Number of protein chains: 2
Amino acid sequence: MNDAVDLYLAQWNRERPDLDVSPMAIIGRMNRLQQILGRGVGDHLAEHGLERWEFDVLATLRRSGAPEHRLSAKELVRMTMVGSSAMTNRVDRLVKRGLVHREVDPANRRRVLVGLTSEGFAMVDRVVEDHVANESRLLDGLDPGERERLVHLLRKLLLSLGDSAPEGGQERART
Amino acid sequence: MNDAVDLYLAQWNRERPDLDVSPMAIIGRMNRLQQILGRGVGDHLAEHGLERWEFDVLATLRRSGAPEHRLSAKELVRMTMVGSSAMTNRVDRLVKRGLVHREVDPANRRRVLVGLTSEGFAMVDRVVEDHVANESRLLDGLDPGERERLVHLLRKLLLSLGDSAPEGGQERART
DNA sequence: ATAGAATATTTCGACATCGAAAGGTTTTCC
DNA sequence: GGAAAACCTTTCGATGTCGAAATATTCTAT
């Protein structure tokens, strides 16, 4: 049995046998998995009435923890890998849905603090359990040992690319 | 050393110790890698004057092979995982740049055949070599054995999710 | 022959994102 | 204490994608 990437590697080998296209075996599959898994996650969240980006923001606030379940816009940007302008838009829409509230930080009026409302909190806490169960289902094709090896490899690759826990870390330049 | 995903797994464990969030260790890292690798690929292609979606289309046509380096719009859609309306837009723009030509299939006038112009052909063939070198550089953090194991795991996961070589294969419903 | 089903592409409106620039606020440093 | 630099968020215009509907062509079955 071949996957879609096997085909295009074979095509490249036929057309350009001089080229070593083996990196595509990884990067191409990563692309495809991203799309397929993304749809699997998105379809499931839609059943709970959430878009993927909504869940991302709510979950980021939820796991940032007590007491306030609250982060500044900048911290949200850092955690979610979207630009600041996209975050403004996301928060706008979540405020309209009543899932988060936004207020100027009284201690530093440049900052905006975004926090979960009780509806938002209830929503994440209700959905997240099903969400991880769904993710687990998507990974059913790998046994526990394989999953562990995959985690290890992905983690090593991420670290080699300079990804690091954003504890005051350096972000990509963004406006 | 921790990557960004280690942090949010730890946060979930603190906030919801009842939950097994281990699937996120894979899916979360896949998301992040996708973004970081995507930027690495895109920035490099930009140096050659190409957008990522442009390269995707040109490369798909190039590797589809002689004699004509030509595919129908539908085949392009199947190979690239974008919707048909996005493909119309992509081809429009590539035609304007003179990199592909579009013509109605005389044998079946519903179909549109898209083929590389000689400029398009020269462009891909010039860029692809650098492109794979760049991809290889992005994967430098893994040694050859690790890359091989990663390929194996990603491939197995893809197959378990129903991805298969699109030789008349069943695609996802799209309008 | 022809109505209707099936197939293939394009058009249309909506939407999420991006990067640059603008708008406020605070800090720094003379 | 005030000007300039640094900081944080929002606004703006552009872009690329999506899904549904529209258009155009071919196939099927009577």
# chains A, B, ... in the order shown; residues from 1 in each chain; ligands from 1
>>> interface_residues(of="chain C", to="chain B", cutoff="8 Å", atoms="only C-alpha atoms (C1' of nucleotides)", output="ChimeraX atom specification")
/C:7-10
>>> closest_atom_pairs(of="chain D", to="chain A", cutoff="9 Å", atoms="only C-alpha atoms (C1' of nucleotides)", output="Markdown table")
| residue | atom | partner | partner_atom | distance |
| --- | --- | --- | --- | --- |
| D:DC7 | C1' | A:Arg110 | CA | 7.8 |
| D:DC8 | C1' | A:Arg110 | CA | 5.4 |
| D:DT9 | C1' | A:Arg110 | CA | 7.3 |
| D:DT10 | C1' | A:Thr88 | CA | 7.1 |
| D:DT11 | C1' | A:Ser85 | CA | 8.8 |
>>> residues_around(residues="range 137-139 of chain B", least_positions_apart="5", cutoff="9 Å", atoms="only C-alpha atoms (C1' of nucleotides)", output="ChimeraX atom specification")
/A:23,26-27,157,160-161 /B:37,40-41,132,147
>>> interface_residues(of="chain A", to="chain B", cutoff="7 Å", atoms="only C-alpha atoms", output="tab-separated table (two decimals) with N, CA and C atoms, in the first residue's frame")
chain	number	residue	atom	x	y	z
A	2	ASN	N	0.51	2.19	-0.83
A	2	ASN	CA	1.26	3.45	-0.91
A	2	ASN	C	0.44	4.63	-0.45
A	3	ASP	N	1.09	5.56	0.16
A	3	ASP	CA	0.38	6.81	0.47
A	3	ASP	C	0.61	7.81	-0.66
A	4	ALA	N	0.00	8.97	-0.54
A	4	ALA	CA	0.07	9.95	-1.63
A	4	ALA	C	1.50	10.43	-1.86
A	7	LEU	N	3.77	8.33	-4.15
A	7	LEU	CA	3.57	8.60	-5.57
A	7	LEU	C	4.43	9.75	-6.05
A	11	GLN	N	7.45	9.95	-8.76
A	11	GLN	CA	7.43	10.82	-9.94
A	11	GLN	C	8.70	11.66	-10.05
A	12	TRP	N	9.11	12.20	-8.93
A	12	TRP	CA	10.36	12.98	-8.97
A	12	TRP	C	11.53	12.10	-9.37
A	15	GLU	N	11.47	11.66	-13.06
A	15	GLU	CA	11.72	12.87	-13.85
A	15	GLU	C	13.10	13.48	-13.61
A	19	LEU	N	18.27	14.03	-8.60
A	19	LEU	CA	17.96	14.75	-7.37
A	19	LEU	C	17.70	13.80	-6.20
A	21	VAL	N	15.47	13.55	-3.41
A	21	VAL	CA	14.25	14.19	-2.91
A	21	VAL	C	13.79	13.62	-1.57
A	23	PRO	N	14.18	14.49	1.46
A	23	PRO	CA	13.58	15.37	2.47
A	23	PRO	C	12.07	15.53	2.30
A	25	ALA	N	10.05	13.28	1.69
A	25	ALA	CA	9.37	12.16	2.32
A	25	ALA	C	8.90	12.56	3.72
A	26	ILE	N	9.64	13.45	4.34
A	26	ILE	CA	9.23	13.95	5.65
A	26	ILE	C	8.37	15.19	5.53
A	29	ARG	N	4.99	14.65	3.87
A	29	ARG	CA	4.04	13.93	4.74
A	29	ARG	C	3.56	14.80	5.87
A	30	MET	N	4.43	15.64	6.37
A	30	MET	CA	4.03	16.55	7.44
A	30	MET	C	2.92	17.47	6.94
A	31	ASN	N	3.08	17.99	5.74
A	31	ASN	CA	2.04	18.83	5.14
A	31	ASN	C	0.71	18.12	5.06
A	33	LEU	N	-0.31	15.40	6.61
A	33	LEU	CA	-0.86	15.06	7.91
A	33	LEU	C	-1.51	16.27	8.55
A	34	GLN	N	-0.84	17.38	8.42
A	34	GLN	CA	-1.38	18.62	8.98
A	34	GLN	C	-2.79	18.87	8.44
A	63	ARG	N	-5.61	26.86	30.15
A	63	ARG	CA	-4.47	26.15	30.72
A	63	ARG	C	-3.46	27.11	31.35
A	64	SER	N	-3.62	28.41	31.10
A	64	SER	CA	-2.73	29.36	31.76
A	64	SER	C	-3.05	29.44	33.24
A	65	GLY	N	-4.24	28.99	33.60
A	65	GLY	CA	-4.49	28.69	35.00
A	65	GLY	C	-5.12	29.76	35.86
A	129	GLU	N	-12.27	17.49	26.95
A	129	GLU	CA	-12.20	16.05	27.21
A	129	GLU	C	-12.48	15.26	25.93
A	132	VAL	N	-9.50	15.71	23.32
A	132	VAL	CA	-8.32	14.83	23.39
A	132	VAL	C	-8.69	13.40	23.03
A	135	GLU	N	-8.52	13.39	19.36
A	135	GLU	CA	-7.14	13.38	18.90
A	135	GLU	C	-6.53	11.99	19.07
A	136	SER	N	-6.85	11.38	20.17
A	136	SER	CA	-6.33	10.03	20.41
A	136	SER	C	-6.82	9.06	19.33
A	141	GLY	N	-3.84	4.67	14.63
A	141	GLY	CA	-3.02	3.86	13.73
A	141	GLY	C	-1.63	3.54	14.26
A	142	LEU	N	-1.22	4.25	15.29
A	142	LEU	CA	0.09	3.98	15.88
A	142	LEU	C	-0.08	3.35	17.25
A	150	LEU	N	7.53	8.70	17.95
A	150	LEU	CA	7.18	9.85	17.13
A	150	LEU	C	7.31	11.16	17.92
A	151	VAL	N	6.79	11.14	19.14
A	151	VAL	CA	6.94	12.31	20.01
A	151	VAL	C	8.41	12.69	20.13
A	153	LEU	N	10.95	12.10	18.18
A	153	LEU	CA	11.55	12.63	16.96
A	153	LEU	C	11.04	14.04	16.64
A	154	LEU	N	9.74	14.24	16.81
A	154	LEU	CA	9.18	15.56	16.52
A	154	LEU	C	9.76	16.60	17.48
A	155	ARG	N	9.90	16.17	18.72
A	155	ARG	CA	10.41	17.09	19.73
A	155	ARG	C	11.86	17.48	19.42
A	157	LEU	N	13.28	17.46	16.50
A	157	LEU	CA	13.30	18.32	15.33
A	157	LEU	C	12.91	19.75	15.69
A	158	LEU	N	11.86	19.87	16.47
A	158	LEU	CA	11.42	21.21	16.89
A	158	LEU	C	12.54	21.95	17.62
A	159	LEU	N	13.17	21.26	18.54
A	159	LEU	CA	14.24	21.91	19.29
A	159	LEU	C	15.37	22.33	18.36
A	160	SER	N	15.69	21.48	17.39
A	160	SER	CA	16.79	21.81	16.48
A	160	SER	C	16.45	23.03	15.62
A	163	ASP	N	12.75	26.10	18.27
A	163	ASP	CA	11.51	26.27	19.03
A	163	ASP	C	11.83	26.10	20.50
A	164	SER	N	11.34	26.99	21.32
A	164	SER	CA	11.58	26.80	22.75
A	164	SER	C	10.42	27.33	23.54
A	165	ALA	N	10.30	26.82	24.74
A	165	ALA	CA	9.20	27.21	25.61
A	165	ALA	C	9.20	28.71	25.79
A	166	PRO	N	8.08	29.34	25.49
A	166	PRO	CA	8.05	30.81	25.47
A	166	PRO	C	7.95	31.40	26.86
>>> select_by_dssp(residues="chain B", states="alpha helix (DSSP H)", output="VMD selection string")
chain B and resid 4 to 15 22 to 47 52 to 64 73 to 80 84 to 96 118 to 138 144 to 160
>>> residues_around(residues="DA1 in chain C", least_positions_apart="2", cutoff="12 Å", atoms="only C-alpha atoms (C1' of nucleotides)", output="MDAnalysis selection string")
(chainID C and resid 3) or (chainID D and resid 29:30)
>>> residues_around(residues="range 15-18 of chain C", least_positions_apart="2", cutoff="12 Å", atoms="only C-alpha atoms (C1' of nucleotides)", output="CSV table (one decimal) with C-alpha atoms (C1' of nucleotides), in the first residue's frame")
chain,number,residue,atom,x,y,z
A,51,GLU,CA,-14.0,26.9,15.3
A,52,ARG,CA,-10.5,25.7,15.7
A,53,TRP,CA,-9.1,29.1,16.3
A,54,GLU,CA,-11.8,29.7,19.0
A,81,MET,CA,1.7,31.6,16.7
A,82,VAL,CA,-0.6,34.1,15.0
A,83,GLY,CA,0.1,37.8,14.3
A,84,SER,CA,-1.1,40.5,16.6
A,85,SER,CA,-3.7,41.7,14.1
A,86,ALA,CA,-5.2,38.3,13.9
A,87,MET,CA,-5.4,38.1,17.6
A,88,THR,CA,-7.3,41.4,17.8
A,89,ASN,CA,-9.8,39.9,15.4
A,90,ARG,CA,-10.1,36.6,17.3
A,93,ARG,CA,-15.3,37.7,17.9
A,174,ARG,CA,6.0,40.5,14.2
A,175,THR,CA,4.3,43.8,13.9
C,13,DG,C1',-19.4,36.3,-1.2
C,20,DA,C1',2.8,47.9,7.5
D,12,DC,C1',-6.2,49.1,7.1
D,13,DG,C1',-5.7,47.1,2.6
D,14,DA,C1',-4.3,42.9,0.3
D,15,DT,C1',-4.2,38.0,-0.3
D,16,DG,C1',-5.5,33.2,-0.5
D,17,DT,C1',-8.8,29.9,0.8
D,18,DC,C1',-13.4,27.9,1.3
D,19,DG,C1',-18.3,26.2,0.1
>>> residues_around(residues="DA3 in chain D", least_positions_apart="3", cutoff="12 Å", atoms="only C-alpha atoms (C1' of nucleotides)", output="list of chain:residue names")
C:DT28, C:DC29, C:DC30
>>> write_last_selection(atoms="N, CA and C atoms (P, O5', C5', C4', C3', O3' and C1' of nucleotides)", output="short mmCIF file (atom, residue, chain, number, x, y, z; two decimals), in the first residue's frame")
data_model
loop_
_atom_site.label_atom_id
_atom_site.label_comp_id
_atom_site.auth_asym_id
_atom_site.auth_seq_id
_atom_site.Cartn_x
_atom_site.Cartn_y
_atom_site.Cartn_z
P DT C 28 12.98 52.11 32.05
"O5'" DT C 28 13.84 53.12 31.15
"C5'" DT C 28 13.74 53.03 29.73
"C4'" DT C 28 14.62 54.09 29.08
"C3'" DT C 28 15.83 54.53 29.89
"O3'" DT C 28 16.90 54.76 28.98
"C1'" DT C 28 14.47 56.41 29.41
P DC C 29 18.41 54.71 29.48
"O5'" DC C 29 18.97 56.12 28.99
"C5'" DC C 29 18.29 56.81 27.92
"C4'" DC C 29 18.48 58.31 28.05
"C3'" DC C 29 19.60 58.72 29.03
"O3'" DC C 29 20.23 59.87 28.50
"C1'" DC C 29 17.63 59.76 29.65
P DC C 30 21.78 60.03 28.47
"O5'" DC C 30 22.00 61.59 28.73
"C5'" DC C 30 21.86 62.47 27.62
"C4'" DC C 30 20.91 63.62 27.97
"C3'" DC C 30 21.55 64.73 28.78
"O3'" DC C 30 21.83 65.84 27.90
"C1'" DC C 30 19.28 64.29 29.44
#
>>> atom_distance(atom1="CA of Leu116 in chain B", atom2="CA of Leu99 in chain B")
6.1 Å
>>> select_by_dssp(residues="chain A", states="strand (DSSP E)", output="list in words")
Arg70, Leu71, Ser72, Val100, His101, Arg102, Glu103, Val104, Val112, Leu113, Val114, Gly115 and Leu116 of chain A
>>> atom_distance(atom1="CA of His69 in chain B", atom2="CA of Phe121 in chain B")
8.5 Å
>>> atom_distance(atom1="CA of Thr117 in chain A", atom2="CA of His44 in chain A")
23.0 Å
>>> closest_residue(among="B:Ala122, B:Val57, B:Val127, B:Ala107", to="Arg70 in chain B", atoms="only C-alpha atoms")
B:Val57
